[in-house]
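K.L.:
Below you will find the structure I want to go over with you.
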Amino acid sequence: MKSQPYFQNDLISFAERLPGKKVLVFGDIMLDHYLHGDTSRISPEAPVPVVQVEAHRMLMGGAGNVARNIHSLGGEVSLFSVCGDDSPASILKDICGELNINARLARIPGRKTTTKNRIIARHQQVLRYDEEDVSPLPQKDLERIIEELKAALPEHNVLILSDYGKGLISKEFMLALKSHIKKIGLDIKLIVDPKTPNYPFSQDAFLITPNAKETAEATRLSVKTREEIREAGKFLLKELNLSNLLTTLGPEGMALFEGNGKIWHIPTTAKEVFDVTGAGDTVIAVVSLCLAAGIPLLASCIIANYAAGIVVGEVGASTVSQEELKAALQEHDCNLMSYW
């Protein structure tokens with residue numbers, strides 16, 4: 001069944017409402033370190049290419065990349081996370097300062113800041129090596145970050161939980177957060193990008209944003225066909241008592257499961273795909289910023305789909321500007337399909 005609920009002018013008008021809207025982000029921050037160079041020979045020591053590194057690039061990853069995407073569209077973002085008391089943490093703090101992002105990064109002595117090091121040769125990733133500590137947070141540090149988050153909640157109507165499984169999002173944290181929100185009667189939309197083992201903690205969320213692989217892992221169901229995607233999504237929606245579910249499907253776009261029973265397929269708008277790194281961060285950031293601006297959920301997902309189509313055309317975690325997003329929306333053809 002074809003449907004056309006939003007036209008080009010609607011979406012452009014919605015996008016123009018994003019600057020200045022507030023979003024709160026809580027989750028696992030990391031440093032993305034890119035080493036760019038070229039390769040022309042194989043190492044005599046092992047059958048691997050030798051990369052002559054010519055440039056270094058440091059970006060915020062994880063919850064930091066979510067914050068970057070909100071900031072790049074003119075949103076006001078407050079970022080809460082934890083890191084180590086080390087050099088990568090100092091770099092993350094400097095990046096936040098340069099971008100004028102309000103970040104509260106709790107430094108924990110003895111803990112290693114998650115760092116992903118990617119070696120790129122001729123626009124192709126040759127190797128990635130990670131440095132991290134994914135152990136649960138010490139109780140005193142968890143309590144400290146929760147108290148700081150509680151103080152910021154009343155100023156926002158949208159909270160993103162960006163879970164990369166690095167020890168910050170836990171059952172204990174989720175119970176404390178939900179109890180506090182209920183106790184003080186906050187009207188706040190909880191948007192979660194959960195790691196598979198933590199799916200049960202996302203119960204009662206307004207929206208979660210898994211990809212197809214994560215949906216399959218969480219439901220233990222196949223998601224290869226449209227019918228399978230539909231069944232898995234409906235199962236997850238009911239199992240976690242979610243208000244809505246957005247499953248990203250890579251080259252197939254997105255599937256939005258609304259609480260009213262409607263299921264929408266949003267085809268991809270990507271022209272070229274160089275790197276899917278951070279695309280999920282872009283999706284949850286743009287959807288959340290749109291919701292903070294009072295934009296309907298379906299329109300928010302359509303706009304986020306266009307933003308994701310832009311970032312996958314770049315190498316490494318990327319962001320979208322207002323100008324880029326509006327230019328992409330100019331090409332909108334209203335090609336939406338709803339199925340039941």
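Quick note on naming: the chains in the structure tokens go A, B, ... in the order shown, residues restart at 1 in each chain, and ligands are numbered from 1 in order of appearance.
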Near segment 96-113 of chain A, within 7 Å and counting only C-alpha atoms, which residues show up once chain neighbours fewer than 2 positions away are dropped, as a list in words?
P.N.:
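Listed by chain and then number, they are Met30, Val77, Ser78, Leu79, Phe80, Ser81, Val82, Cys83, Gly84, Asp85, Pro88, Ala89, Leu92, Lys93, Asp94, Thr115, Glu132 and Asp133 of chain A.
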K.L.:
What's the 7 Å shell around Asn69 of chain A, counting only C-alpha atoms, without same-chain residues fewer than 5 positions away, as a VMD selection string?
P.N.:
chain A and resid 282 285 319 to 320
K.L.:
Would you please extract all strand (DSSP E) residues from segment 132-334 of chain A, as assigned by DSSP on the backbone, and give them as a list in words?
P.N.:
Val158, Leu159, Ile160, Leu161, Ser162, Lys189, Leu190, Ile191, Val192, Asp193, Leu207, Ile208, Asn244, Leu245, Leu246, Thr247, Thr248, Met254, Ala255, Leu256, Phe257, Glu258, Ile263, Trp264, His265 and Ile266 of chain A
K.L.:
Could you dump the residues just selected with C-alpha atoms as an mmCIF file, in the first residue's frame?
P.N.:
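Below you can see again_18.cif, which holds the result:
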```
data_model
loop_
_atom_site.group_PDB
_atom_site.id
_atom_site.type_symbol
_atom_site.label_atom_id
_atom_site.label_comp_id
_atom_site.auth_asym_id
_atom_site.auth_seq_id
_atom_site.Cartn_x
_atom_site.Cartn_y
_atom_site.Cartn_z
ATOM 1 C CA VAL A 158 14.256 14.083 24.974
ATOM 2 C CA LEU A 159 16.954 11.847 26.479
ATOM 3 C CA ILE A 160 19.189 9.619 24.339
ATOM 4 C CA LEU A 161 20.876 6.595 25.880
ATOM 5 C CA SER A 162 23.777 5.613 23.606
ATOM 6 C CA LYS A 189 10.960 10.793 25.653
ATOM 7 C CA LEU A 190 13.515 8.050 26.283
ATOM 8 C CA ILE A 191 15.328 7.100 23.040
ATOM 9 C CA VAL A 192 17.672 4.119 23.350
ATOM 10 C CA ASP A 193 20.297 2.590 21.081
ATOM 11 C CA LEU A 207 11.798 4.426 20.938
ATOM 12 C CA ILE A 208 14.746 2.094 20.434
ATOM 13 C CA ASN A 244 7.769 2.645 19.029
ATOM 14 C CA LEU A 245 10.611 0.774 17.314
ATOM 15 C CA LEU A 246 12.908 1.861 14.479
ATOM 16 C CA THR A 247 14.956 -0.893 12.859
ATOM 17 C CA THR A 248 17.675 0.288 10.478
ATOM 18 C CA MET A 254 14.472 1.604 7.754
ATOM 19 C CA ALA A 255 11.375 -0.012 9.220
ATOM 20 C CA LEU A 256 9.362 2.066 11.684
ATOM 21 C CA PHE A 257 6.939 0.246 13.977
ATOM 22 C CA GLU A 258 4.538 2.723 15.555
ATOM 23 C CA ILE A 263 4.548 -0.276 10.074
ATOM 24 C CA TRP A 264 6.390 1.946 7.624
ATOM 25 C CA HIS A 265 9.203 1.096 5.265
ATOM 26 C CA ILE A 266 11.464 4.057 4.449
#
```
K.L.:
So that I can check the secondary structure, give me every residue of segment 40-198 of chain A assigned alpha helix (DSSP H) by backbone DSSP, as a compact mmCIF listing (two decimals) with N, CA and C atoms, in the first residue's frame.
P.N.:
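The file below, selection29.txt, is the result:
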```
# COMPACT_ATOMS: atom_id res chain seq x y z
N ALA A 63 28.71 7.87 22.07
CA ALA A 63 27.80 8.93 22.48
C ALA A 63 28.34 10.30 22.05
N GLY A 64 29.65 10.42 21.94
CA GLY A 64 30.24 11.67 21.46
C GLY A 64 29.86 11.97 20.03
N ASN A 65 29.78 10.94 19.20
CA ASN A 65 29.38 11.14 17.81
C ASN A 65 27.91 11.51 17.71
N VAL A 66 27.09 10.95 18.60
CA VAL A 66 25.68 11.35 18.66
C VAL A 66 25.60 12.85 18.96
N ALA A 67 26.36 13.29 19.95
CA ALA A 67 26.38 14.70 20.32
C ALA A 67 26.86 15.57 19.16
N ARG A 68 27.89 15.12 18.46
CA ARG A 68 28.41 15.87 17.30
C ARG A 68 27.34 16.07 16.25
N ASN A 69 26.55 15.02 15.99
CA ASN A 69 25.50 15.11 14.97
C ASN A 69 24.40 16.09 15.37
N ILE A 70 24.05 16.12 16.63
CA ILE A 70 23.05 17.09 17.10
C ILE A 70 23.59 18.50 16.97
N HIS A 71 24.84 18.68 17.39
CA HIS A 71 25.48 20.00 17.32
C HIS A 71 25.60 20.49 15.89
N SER A 72 25.94 19.61 14.96
CA SER A 72 26.16 20.03 13.57
C SER A 72 24.88 20.52 12.91
N SER A 87 45.37 10.57 28.53
CA SER A 87 45.53 11.46 27.38
C SER A 87 44.31 11.47 26.46
N PRO A 88 43.73 10.30 26.09
CA PRO A 88 42.53 10.33 25.24
C PRO A 88 41.39 11.13 25.87
N ALA A 89 41.26 11.06 27.20
CA ALA A 89 40.21 11.83 27.88
C ALA A 89 40.45 13.32 27.71
N SER A 90 41.69 13.74 27.79
CA SER A 90 42.03 15.16 27.61
C SER A 90 41.70 15.60 26.19
N ILE A 91 41.97 14.73 25.22
CA ILE A 91 41.66 15.05 23.83
C ILE A 91 40.15 15.21 23.64
N LEU A 92 39.36 14.30 24.24
CA LEU A 92 37.90 14.39 24.15
C LEU A 92 37.39 15.69 24.77
N LYS A 93 37.96 16.07 25.90
CA LYS A 93 37.57 17.31 26.55
C LYS A 93 37.88 18.51 25.66
N ASP A 94 39.03 18.49 25.01
CA ASP A 94 39.42 19.58 24.11
C ASP A 94 38.48 19.66 22.91
N ILE A 95 38.11 18.49 22.37
CA ILE A 95 37.19 18.48 21.22
C ILE A 95 35.85 19.08 21.60
N CYS A 96 35.34 18.71 22.77
CA CYS A 96 34.07 19.27 23.24
C CYS A 96 34.17 20.78 23.39
N GLY A 97 35.31 21.24 23.89
CA GLY A 97 35.51 22.67 24.04
C GLY A 97 35.54 23.39 22.70
N GLU A 98 36.22 22.81 21.73
CA GLU A 98 36.31 23.41 20.40
C GLU A 98 34.94 23.50 19.73
N LEU A 99 34.09 22.49 19.97
CA LEU A 99 32.75 22.45 19.36
C LEU A 99 31.72 23.19 20.21
N GLN A 139 30.65 1.78 42.19
CA GLN A 139 29.37 2.28 42.69
C GLN A 139 29.38 3.79 42.90
N LYS A 140 30.44 4.32 43.50
CA LYS A 140 30.49 5.75 43.80
C LYS A 140 30.49 6.60 42.53
N ASP A 141 31.15 6.10 41.48
CA ASP A 141 31.20 6.84 40.22
C ASP A 141 29.86 6.77 39.50
N LEU A 142 29.19 5.61 39.58
CA LEU A 142 27.87 5.47 38.98
C LEU A 142 26.88 6.42 39.65
N GLU A 143 26.91 6.47 40.97
CA GLU A 143 26.01 7.35 41.70
C GLU A 143 26.27 8.81 41.38
N ARG A 144 27.54 9.17 41.21
CA ARG A 144 27.89 10.56 40.90
C ARG A 144 27.33 10.98 39.54
N ILE A 145 27.50 10.13 38.53
CA ILE A 145 27.04 10.49 37.19
C ILE A 145 25.52 10.50 37.12
N ILE A 146 24.86 9.61 37.87
CA ILE A 146 23.40 9.59 37.90
C ILE A 146 22.86 10.88 38.51
N GLU A 147 23.48 11.34 39.59
CA GLU A 147 23.03 12.57 40.24
C GLU A 147 23.19 13.77 39.32
N GLU A 148 24.28 13.81 38.58
CA GLU A 148 24.50 14.91 37.64
C GLU A 148 23.47 14.87 36.51
N LEU A 149 23.15 13.66 36.05
CA LEU A 149 22.15 13.51 34.99
C LEU A 149 20.77 13.94 35.49
N LYS A 150 20.42 13.55 36.70
CA LYS A 150 19.13 13.92 37.27
C LYS A 150 18.94 15.44 37.28
N ALA A 151 20.01 16.15 37.60
CA ALA A 151 19.92 17.61 37.68
C ALA A 151 19.62 18.25 36.33
N ALA A 152 20.03 17.58 35.25
CA ALA A 152 19.83 18.14 33.91
C ALA A 152 18.50 17.73 33.28
N LYS A 171 21.61 -2.48 34.28
CA LYS A 171 20.28 -2.67 34.86
C LYS A 171 20.07 -1.72 36.04
N GLU A 172 21.09 -1.59 36.87
CA GLU A 172 21.01 -0.72 38.04
C GLU A 172 20.79 0.73 37.62
N PHE A 173 21.53 1.17 36.60
CA PHE A 173 21.38 2.54 36.12
C PHE A 173 19.97 2.77 35.59
N MET A 174 19.48 1.85 34.75
CA MET A 174 18.17 2.02 34.13
C MET A 174 17.06 2.05 35.16
N LEU A 175 17.15 1.21 36.17
CA LEU A 175 16.13 1.20 37.23
C LEU A 175 16.13 2.53 37.98
N ALA A 176 17.32 3.03 38.30
CA ALA A 176 17.42 4.31 39.01
C ALA A 176 16.88 5.46 38.17
N LEU A 177 17.20 5.46 36.88
CA LEU A 177 16.75 6.52 35.98
C LEU A 177 15.23 6.52 35.85
N LYS A 178 14.65 5.36 35.55
CA LYS A 178 13.20 5.28 35.35
C LYS A 178 12.45 5.62 36.63
N SER A 179 12.98 5.18 37.76
CA SER A 179 12.34 5.47 39.05
C SER A 179 12.32 6.97 39.31
N HIS A 180 13.43 7.64 38.98
CA HIS A 180 13.51 9.08 39.21
C HIS A 180 12.56 9.83 38.28
N ILE A 181 12.51 9.45 37.01
CA ILE A 181 11.63 10.11 36.05
C ILE A 181 10.17 9.98 36.49
N LYS A 182 9.80 8.78 36.95
CA LYS A 182 8.44 8.55 37.40
C LYS A 182 8.13 9.31 38.68
N LYS A 183 9.09 9.34 39.57
CA LYS A 183 8.91 9.98 40.88
C LYS A 183 8.62 11.46 40.75
N ILE A 184 9.36 12.15 39.88
CA ILE A 184 9.17 13.60 39.76
C ILE A 184 8.22 13.97 38.63
```
K.L.:
Can you pull out the residues contacting Lys22 of chain A? Cut-off 7 Å, using only C-alpha atoms, and skip same-chain residues under 4 positions away; I want them as a PyMOL selection string.
P.N.:
chain A and resi 75-77+156+292
K.L.:
Export all heavy atoms of the chosen residues as a PDB file, in the first residue's frame?
P.N.:
```pdb
ATOM      1  N   GLY A  75      21.516  21.980  17.001  1.00  0.00           N
ATOM      2  CA  GLY A  75      20.869  21.662  18.261  1.00  0.00           C
ATOM      3  C   GLY A  75      21.759  21.981  19.447  1.00  0.00           C
ATOM      4  O   GLY A  75      22.981  22.080  19.318  1.00  0.00           O
ATOM      5  N   GLU A  76      21.144  22.149  20.604  1.00  0.00           N
ATOM      6  CA  GLU A  76      21.880  22.362  21.848  1.00  0.00           C
ATOM      7  C   GLU A  76      21.947  21.023  22.579  1.00  0.00           C
ATOM      8  O   GLU A  76      20.924  20.498  22.995  1.00  0.00           O
ATOM      9  CB  GLU A  76      21.193  23.410  22.716  1.00  0.00           C
ATOM     10  CG  GLU A  76      21.218  24.808  22.119  1.00  0.00           C
ATOM     11  CD  GLU A  76      20.642  25.846  23.069  1.00  0.00           C
ATOM     12  OE1 GLU A  76      20.529  25.546  24.280  1.00  0.00           O
ATOM     13  OE2 GLU A  76      20.294  26.942  22.596  1.00  0.00           O
ATOM     14  N   VAL A  77      23.146  20.485  22.717  1.00  0.00           N
ATOM     15  CA  VAL A  77      23.304  19.152  23.282  1.00  0.00           C
ATOM     16  C   VAL A  77      24.086  19.212  24.584  1.00  0.00           C
ATOM     17  O   VAL A  77      25.057  19.948  24.709  1.00  0.00           O
ATOM     18  CB  VAL A  77      24.002  18.203  22.276  1.00  0.00           C
ATOM     19  CG1 VAL A  77      25.353  18.730  21.852  1.00  0.00           C
ATOM     20  CG2 VAL A  77      24.128  16.799  22.848  1.00  0.00           C
ATOM     21  N   HIS A 156      14.995  19.222  29.694  1.00  0.00           N
ATOM     22  CA  HIS A 156      14.905  18.545  28.400  1.00  0.00           C
ATOM     23  C   HIS A 156      13.617  17.728  28.278  1.00  0.00           C
ATOM     24  O   HIS A 156      13.054  17.312  29.290  1.00  0.00           O
ATOM     25  CB  HIS A 156      16.113  17.614  28.214  1.00  0.00           C
ATOM     26  CG  HIS A 156      17.435  18.317  28.253  1.00  0.00           C
ATOM     27  ND1 HIS A 156      18.069  18.647  29.438  1.00  0.00           N
ATOM     28  CD2 HIS A 156      18.247  18.765  27.253  1.00  0.00           C
ATOM     29  CE1 HIS A 156      19.207  19.266  29.169  1.00  0.00           C
ATOM     30  NE2 HIS A 156      19.338  19.353  27.861  1.00  0.00           N
ATOM     31  N   ALA A 292      12.511  16.632  19.656  1.00  0.00           N
ATOM     32  CA  ALA A 292      12.648  17.769  20.567  1.00  0.00           C
ATOM     33  C   ALA A 292      12.036  19.032  19.962  1.00  0.00           C
ATOM     34  O   ALA A 292      11.596  19.926  20.691  1.00  0.00           O
ATOM     35  CB  ALA A 292      14.123  18.012  20.892  1.00  0.00           C
TER      36      ALA A 292
END
```
